[in-house]
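Novice: One structure is given below, represented as structure tokens, and several questions about it will come after.
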Amino acid sequence: MATEAESVEEIKRRIMEIAERMIEDIERGEFPSIRYPPNSKGNIEFREDVGYIFRPKTFSEIEGDRVKSVKTLAGVLYGLAKALDHLENGLTMTKRDFYYLHKVERLKGTLFPEDQRETDARIVLMELILGAPREAFSITSDPRGWIYGDIELVDMTGRTIRADRVGEMGYSVPPRPENIKFKRIGVKAVVAVEKVGPAKNMIELGIPEEYNLAIAILKGQASRSMRRFLRMLSDEGVPIAILTDFSPWSLRIAATVVYNSISSAHIPYLAAPEARFIGIMAEDVETGFFKDYQFALEPLTQADLKAAMDNVHLPNLQHPFWQRENEWFLKNKKKAELEIFKAMSPSAKELKELFVSYLREKLEDRLGVSI
Amino acid sequence: MGGGLKELEQISAADFFYRNRSLAGFDNPVRATYTTVRELVENALDASELAGRPPKVMLTMEEVAEGRLEGTAVYMLRVRDNGVGLDPEDVPAAFGKVFVSSKYKLMQSRGTFGLGGTMALLYGQITTNRPFKVITGREGSPLYEFTMKIDIQKNEPIVLDRRILAGVTRRSMTTVELYFEGNYRRARSKIIDYLHQTAIVTPYADIMFIDPDGLFFFFARTTDQIPPPPKETKFHPKGIDFELLKRLAETTNTRKLAGFLTTHFQRVGPKTAAEILARAGLSPDLSPKRLSDEELERLFKALVTYDNYLPPDPSVLSPLGPNLWEEGIKKELRPEFVKAVQRPPAVVEGHPVIVETAIAYGGDIKPAGEIQLYRFANRIPLLYDVSSDVSYLVARRLNWSVYGLKSLEDEPIALFFHVVSTKVPFKTVGKEFIANKPELAREVELGWRACARDLRIYLSRKRRAASAARRVELLSRYYALIAEVLEELTGERPPIETVLAKVARKAKVEVPVEVRESGDGS
């Protein structure tokens, strides 16, 4: 699944090419510079059917003769050298590791960082320069996210794994899921759940086994690796459903799975445009599933409200559906959390019924999947 | 001067000053010590300049006895100049009589009070009852020594002894030696300040001082250029007061009013005189000596209200000029930048005035936490009452940030203000600060702004050079790292030196240090 651009050899080649070009510049008596497509607004397009796409029209130059950018130039070069060293030795690093690689004696007075934001920003720059996600040059993001269900896959180490036989939360999605090969997919659909609690309940209640579903646990905003993994499943033809709170943040979480986000727009294959949001949505609260449980709604916090106001302008929330959902927050200043199922069901048996009936209705309605 | 000012020279007696000595700066032993030194130094400088040669003033001060008051002592002060020397016949009157001095004439000169050193001699005599000595001689003539006292009541010199020290004087000179009671210890810093500032405004003078502790101060000249001496002129009608007019009328040799006006005033010809007399309703044929007080008053009014005079003749003034001014500042304060500006002549209360300003920056000048302002009037440093001075008010009012300066208090900057006039517009009898006259404030402001414009250019050039140097330094640091990393990656160290040499060359914009080599100051 790994694209050619992300292969270790290709990354090494690109790093060396950048180094060679800098040497050539210097030998010509010129200051070196690095040209790259910035992830600026103008270079990012949004299309409802594919999500965010990175289509560089303009390029930036990290100029080595300027006081303002020489640090960036040296920083990028140093970062690339460290990445190459890690790649060659099969070692990975976290963003924190990368930060500590700069907290060294020899960088005092030059690249020694004030805080991690400095080095984090440079990772994004390196992604843009190399045209590859950080994982391709050995910087791993938080491997956050699990999937539980009847899916058999072969991971990077060559082991075959069944995602409903590996612990109570299922298979932990690795930092570089592109190396995974699917062997057999026995589920009708994947339900990606924002919150750990309700997702675990579904697993504990045996819903995946009984209804041939996989439960993906996002734990908040879906990590890059989780989004890539969901995209891979989607590419395999598996319907993806997204189940989140009904809040301004959750709209973003859902939309990020479907369309990717601006900040990672330059990384391809992170959007799953075929995925569908199955709630909780405004109509559920107003007239649908939860209409009798409005007392269980939570008030919006100041931060929630601010997020709702910002949502008005987010490119990936411009579809009338998202805007209608968002307007509800601005009007009612309330939100519904997935835990609302608990408010409806004093007993475990009832809870399972509620989950199943909600999923049945929504999967049918939004994805045409019957369970 | 034409007419008969001679009799004016005796208008006052020595004992008037004895009774009013605080007016003349002798109110306490500390101030009196300072004033004594100052009066004699100024006399010496004037004498040398009149001779057209670079002044060489040698002061010696010795403590000879304890004083009557706590902290005071009796001092011997000897001041020697290299002026033309005096004719022995003139010595008694010149030194032994109050108001005999070249200063009671319309010409720019130093003396603050028009008394020369006589007041100092008088003060010495009053406090110690000792005679003073004058040793003087003209090149080629005998060298005389006078031992004298002043008869205070009669305002007459008493010559106690007169002798010839040498048959032939090798170089013209005058030495005055007197005893006085004072307090050097507490006057010391003011005296040194005074000499230091005098050196700033007189860069062509050698000033030496051996103080009572045996310390030797030497303010050496760095140029032998002397500003052109002032010319004497008549009074401008706008610059007189009633008393002066009355005295002129009483003492004149002219017979008719028309002639009186054209003879004693500048910018008054027959036509102007006729117009003024017509306005005053006085016949041109009247005798000035016979005018009644009422008629004199009419004449005075007509003279000062008439508006068609040409402005007063500025050739009576002797400004330093920008070159000497900068020279003096450079030699005493060693700034990295100095700019002096001489304003065109202006008129304040009927008297011609020229304002000179300067600004010095950096070098030995350090931020002082307060405005560093050097003030001079007719080449005399003004050391007291700075905060009331017109120049101080202008300094506070000006928006210096326009010229790239954050605050005068916290920057290494010194301001200079020199006013020359036949009548310096002092505000008070103490004559230590210049009145806040709008015409004057305007001159000071325009002068400083002209200096500040140059300073701004200098500072921005300097800052650019500094930031270029910083850039070279910073790029060098990063390229050392870049070369290292590239060598790790490729095994080959790129020749960053050539690239860096290029920026270094470009950055070498010469810091244009305004401090030129000392010398002729041109």
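Starting from 1 in every chain, residues are counted up; chains themselves are A, B, ... following the order of the structure tokens, and ligands are numbered from 1 as listed.
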Need to verify the contact set: Met76 (chain B), 6 Å, only C-alpha atoms, exclusion of same-chain residues closer than 2 positions in sequence. Can you return it as a list in words?
Specialist: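 Everything that qualifies: Met61, Glu62, Leu178 and Tyr179 of chain B.
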Novice: Hey, list the chain B side of the contact with chain A: 8 Å cut-off, only C-alpha atoms, answer as a ChimeraX atom specification.
Specialist: /B:471,474-475,477-479,481-482,485-486,489-490,494-496,498-499
Novice: Could those residues be written to a file, using C-alpha atoms, as a short mmCIF file (atom, residue, chain, number, x, y, z; two decimals), in the first residue's frame?
Specialist:
data_model
loop_
_atom_site.label_atom_id
_atom_site.label_comp_id
_atom_site.auth_asym_id
_atom_site.auth_seq_id
_atom_site.Cartn_x
_atom_site.Cartn_y
_atom_site.Cartn_z
CA ARG B 471 24.19 39.47 9.85
CA LEU B 474 24.89 35.08 12.35
CA LEU B 475 25.29 33.69 8.84
CA ARG B 477 27.47 30.59 12.70
CA TYR B 478 24.75 28.88 10.71
CA TYR B 479 26.97 28.10 7.77
CA LEU B 481 26.70 24.12 11.08
CA ILE B 482 25.39 23.69 7.54
CA VAL B 485 25.90 18.59 8.41
CA LEU B 486 26.53 18.54 4.67
CA LEU B 489 25.72 13.59 4.71
CA THR B 490 27.99 13.59 1.68
CA PRO B 494 31.40 22.72 0.93
CA PRO B 495 33.54 25.88 0.64
CA ILE B 496 31.29 28.17 2.67
CA THR B 498 33.86 32.13 -0.24
CA VAL B 499 30.15 32.75 0.19
#
Novice: Considering only strand (DSSP E) as DSSP defines it on the backbone, what residues of region 59-234 of chain B qualify? List them as a PyMOL selection string.
Specialist: chain B and resi 59-66+73-81+132-137+143-151+156-166+173-182+206-210+216-219
Novice: Name all residues at most 6 Å from region 298-305 of chain A (count only C-alpha atoms; drop same-chain ones fewer than 3 positions away) and give them as a list in words.
Specialist: Ala308, Lys333, Lys334 and Lys335 of chain A
Novice: Would you pick out the contacts of region 35-49 of chain A at 7 Å or less, using only C-alpha atoms, so that residues sharing its chain but fewer than 6 positions from it are not included, and give the list as a PyMOL selection string?
Specialist: chain A and resi 55-62+128-129+265-266+273+315
Novice: Filtering to N, CA and C atoms, could you give me those residues as a PDB file, in the first residue's frame?
Specialist:
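As a result, again-v3.pdb now contains:
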ATOM      1  N   ARG A  55      -2.722  21.067  -4.093  1.00  0.00           N
ATOM      2  CA  ARG A  55      -2.382  21.281  -5.499  1.00  0.00           C
ATOM      3  C   ARG A  55      -1.539  22.540  -5.579  1.00  0.00           C
ATOM      4  N   PRO A  56      -0.230  22.390  -5.452  1.00  0.00           N
ATOM      5  CA  PRO A  56       0.648  23.570  -5.360  1.00  0.00           C
ATOM      6  C   PRO A  56       0.611  24.411  -6.626  1.00  0.00           C
ATOM      7  N   LYS A  57       0.321  25.677  -6.440  1.00  0.00           N
ATOM      8  CA  LYS A  57       0.405  26.623  -7.556  1.00  0.00           C
ATOM      9  C   LYS A  57       1.585  27.567  -7.312  1.00  0.00           C
ATOM     10  N   THR A  58       1.842  27.820  -6.041  1.00  0.00           N
ATOM     11  CA  THR A  58       2.951  28.724  -5.706  1.00  0.00           C
ATOM     12  C   THR A  58       4.003  27.975  -4.901  1.00  0.00           C
ATOM     13  N   PHE A  59       5.217  28.461  -4.987  1.00  0.00           N
ATOM     14  CA  PHE A  59       6.309  27.841  -4.257  1.00  0.00           C
ATOM     15  C   PHE A  59       7.000  28.873  -3.376  1.00  0.00           C
ATOM     16  N   SER A  60       7.546  28.383  -2.290  1.00  0.00           N
ATOM     17  CA  SER A  60       8.312  29.269  -1.415  1.00  0.00           C
ATOM     18  C   SER A  60       9.771  28.865  -1.462  1.00  0.00           C
ATOM     19  N   GLU A  61      10.596  29.796  -1.028  1.00  0.00           N
ATOM     20  CA  GLU A  61      12.025  29.545  -1.050  1.00  0.00           C
ATOM     21  C   GLU A  61      12.566  29.785   0.360  1.00  0.00           C
ATOM     22  N   ILE A  62      13.249  28.805   0.890  1.00  0.00           N
ATOM     23  CA  ILE A  62      13.946  29.059   2.165  1.00  0.00           C
ATOM     24  C   ILE A  62      15.322  29.571   1.766  1.00  0.00           C
ATOM     25  N   LEU A 128       6.555  18.934   3.600  1.00  0.00           N
ATOM     26  CA  LEU A 128       6.290  19.678   2.365  1.00  0.00           C
ATOM     27  C   LEU A 128       7.462  19.585   1.405  1.00  0.00           C
ATOM     28  N   ILE A 129       8.674  19.638   1.970  1.00  0.00           N
ATOM     29  CA  ILE A 129       9.866  19.592   1.129  1.00  0.00           C
ATOM     30  C   ILE A 129      10.029  18.216   0.491  1.00  0.00           C
ATOM     31  N   ALA A 265      -3.457  18.767   4.834  1.00  0.00           N
ATOM     32  CA  ALA A 265      -3.950  18.676   3.454  1.00  0.00           C
ATOM     33  C   ALA A 265      -2.867  18.212   2.487  1.00  0.00           C
ATOM     34  N   HIS A 266      -1.579  18.502   2.854  1.00  0.00           N
ATOM     35  CA  HIS A 266      -0.494  18.128   1.945  1.00  0.00           C
ATOM     36  C   HIS A 266      -0.162  16.646   2.015  1.00  0.00           C
ATOM     37  N   PRO A 273     -13.627   9.866   1.525  1.00  0.00           N
ATOM     38  CA  PRO A 273     -14.844  10.562   1.079  1.00  0.00           C
ATOM     39  C   PRO A 273     -16.086   9.673   1.052  1.00  0.00           C
ATOM     40  N   PRO A 315     -13.759  25.319   5.317  1.00  0.00           N
ATOM     41  CA  PRO A 315     -14.090  24.851   3.961  1.00  0.00           C
ATOM     42  C   PRO A 315     -14.766  23.470   3.955  1.00  0.00           C
TER      43      PRO A 315
END
Novice: CA of Leu297 (chain A) and CA of Asn326 (chain A) are how many Å apart?
Specialist: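 Between these atoms lies a distance of 15.7 Å.
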Novice: Env of Leu87 (chain A): 7 Å cut, atoms = only C-alpha atoms, seq-sep filter 3 positions within chain, self excluded. Answer as a PDB file with N, CA and C atoms, in the first residue's frame.
Specialist:
ATOM      1  N   ALA A  83      16.800  12.446  10.129  1.00  0.00           N
ATOM      2  CA  ALA A  83      15.806  11.521   9.604  1.00  0.00           C
ATOM      3  C   ALA A  83      16.489  10.410   8.807  1.00  0.00           C
ATOM      4  N   LEU A  84      17.471  10.816   7.993  1.00  0.00           N
ATOM      5  CA  LEU A  84      18.195   9.842   7.175  1.00  0.00           C
ATOM      6  C   LEU A  84      18.908   8.824   8.063  1.00  0.00           C
ATOM      7  N   GLY A  90      16.807   1.952  10.799  1.00  0.00           N
ATOM      8  CA  GLY A  90      15.531   1.351  11.139  1.00  0.00           C
ATOM      9  C   GLY A  90      14.983   1.805  12.474  1.00  0.00           C
ATOM     10  N   LEU A  91      15.270   3.053  12.811  1.00  0.00           N
ATOM     11  CA  LEU A  91      14.861   3.586  14.107  1.00  0.00           C
ATOM     12  C   LEU A  91      13.770   4.640  13.866  1.00  0.00           C
ATOM     13  N   PHE A 137       9.606   9.495   6.880  1.00  0.00           N
ATOM     14  CA  PHE A 137      11.006   9.750   7.248  1.00  0.00           C
ATOM     15  C   PHE A 137      11.227   9.524   8.746  1.00  0.00           C
ATOM     16  N   SER A 138      10.547   8.539   9.227  1.00  0.00           N
ATOM     17  CA  SER A 138      10.807   7.922  10.528  1.00  0.00           C
ATOM     18  C   SER A 138      10.326   8.715  11.739  1.00  0.00           C
TER      19      SER A 138
END
Novice: Give me the residues near Pro230 (chain B) as a count of residues only, where near means some atom within 6 Å (using only C-alpha atoms) and where sequence neighbours in that chain fewer than 4 positions away do not count.
Specialist: 3
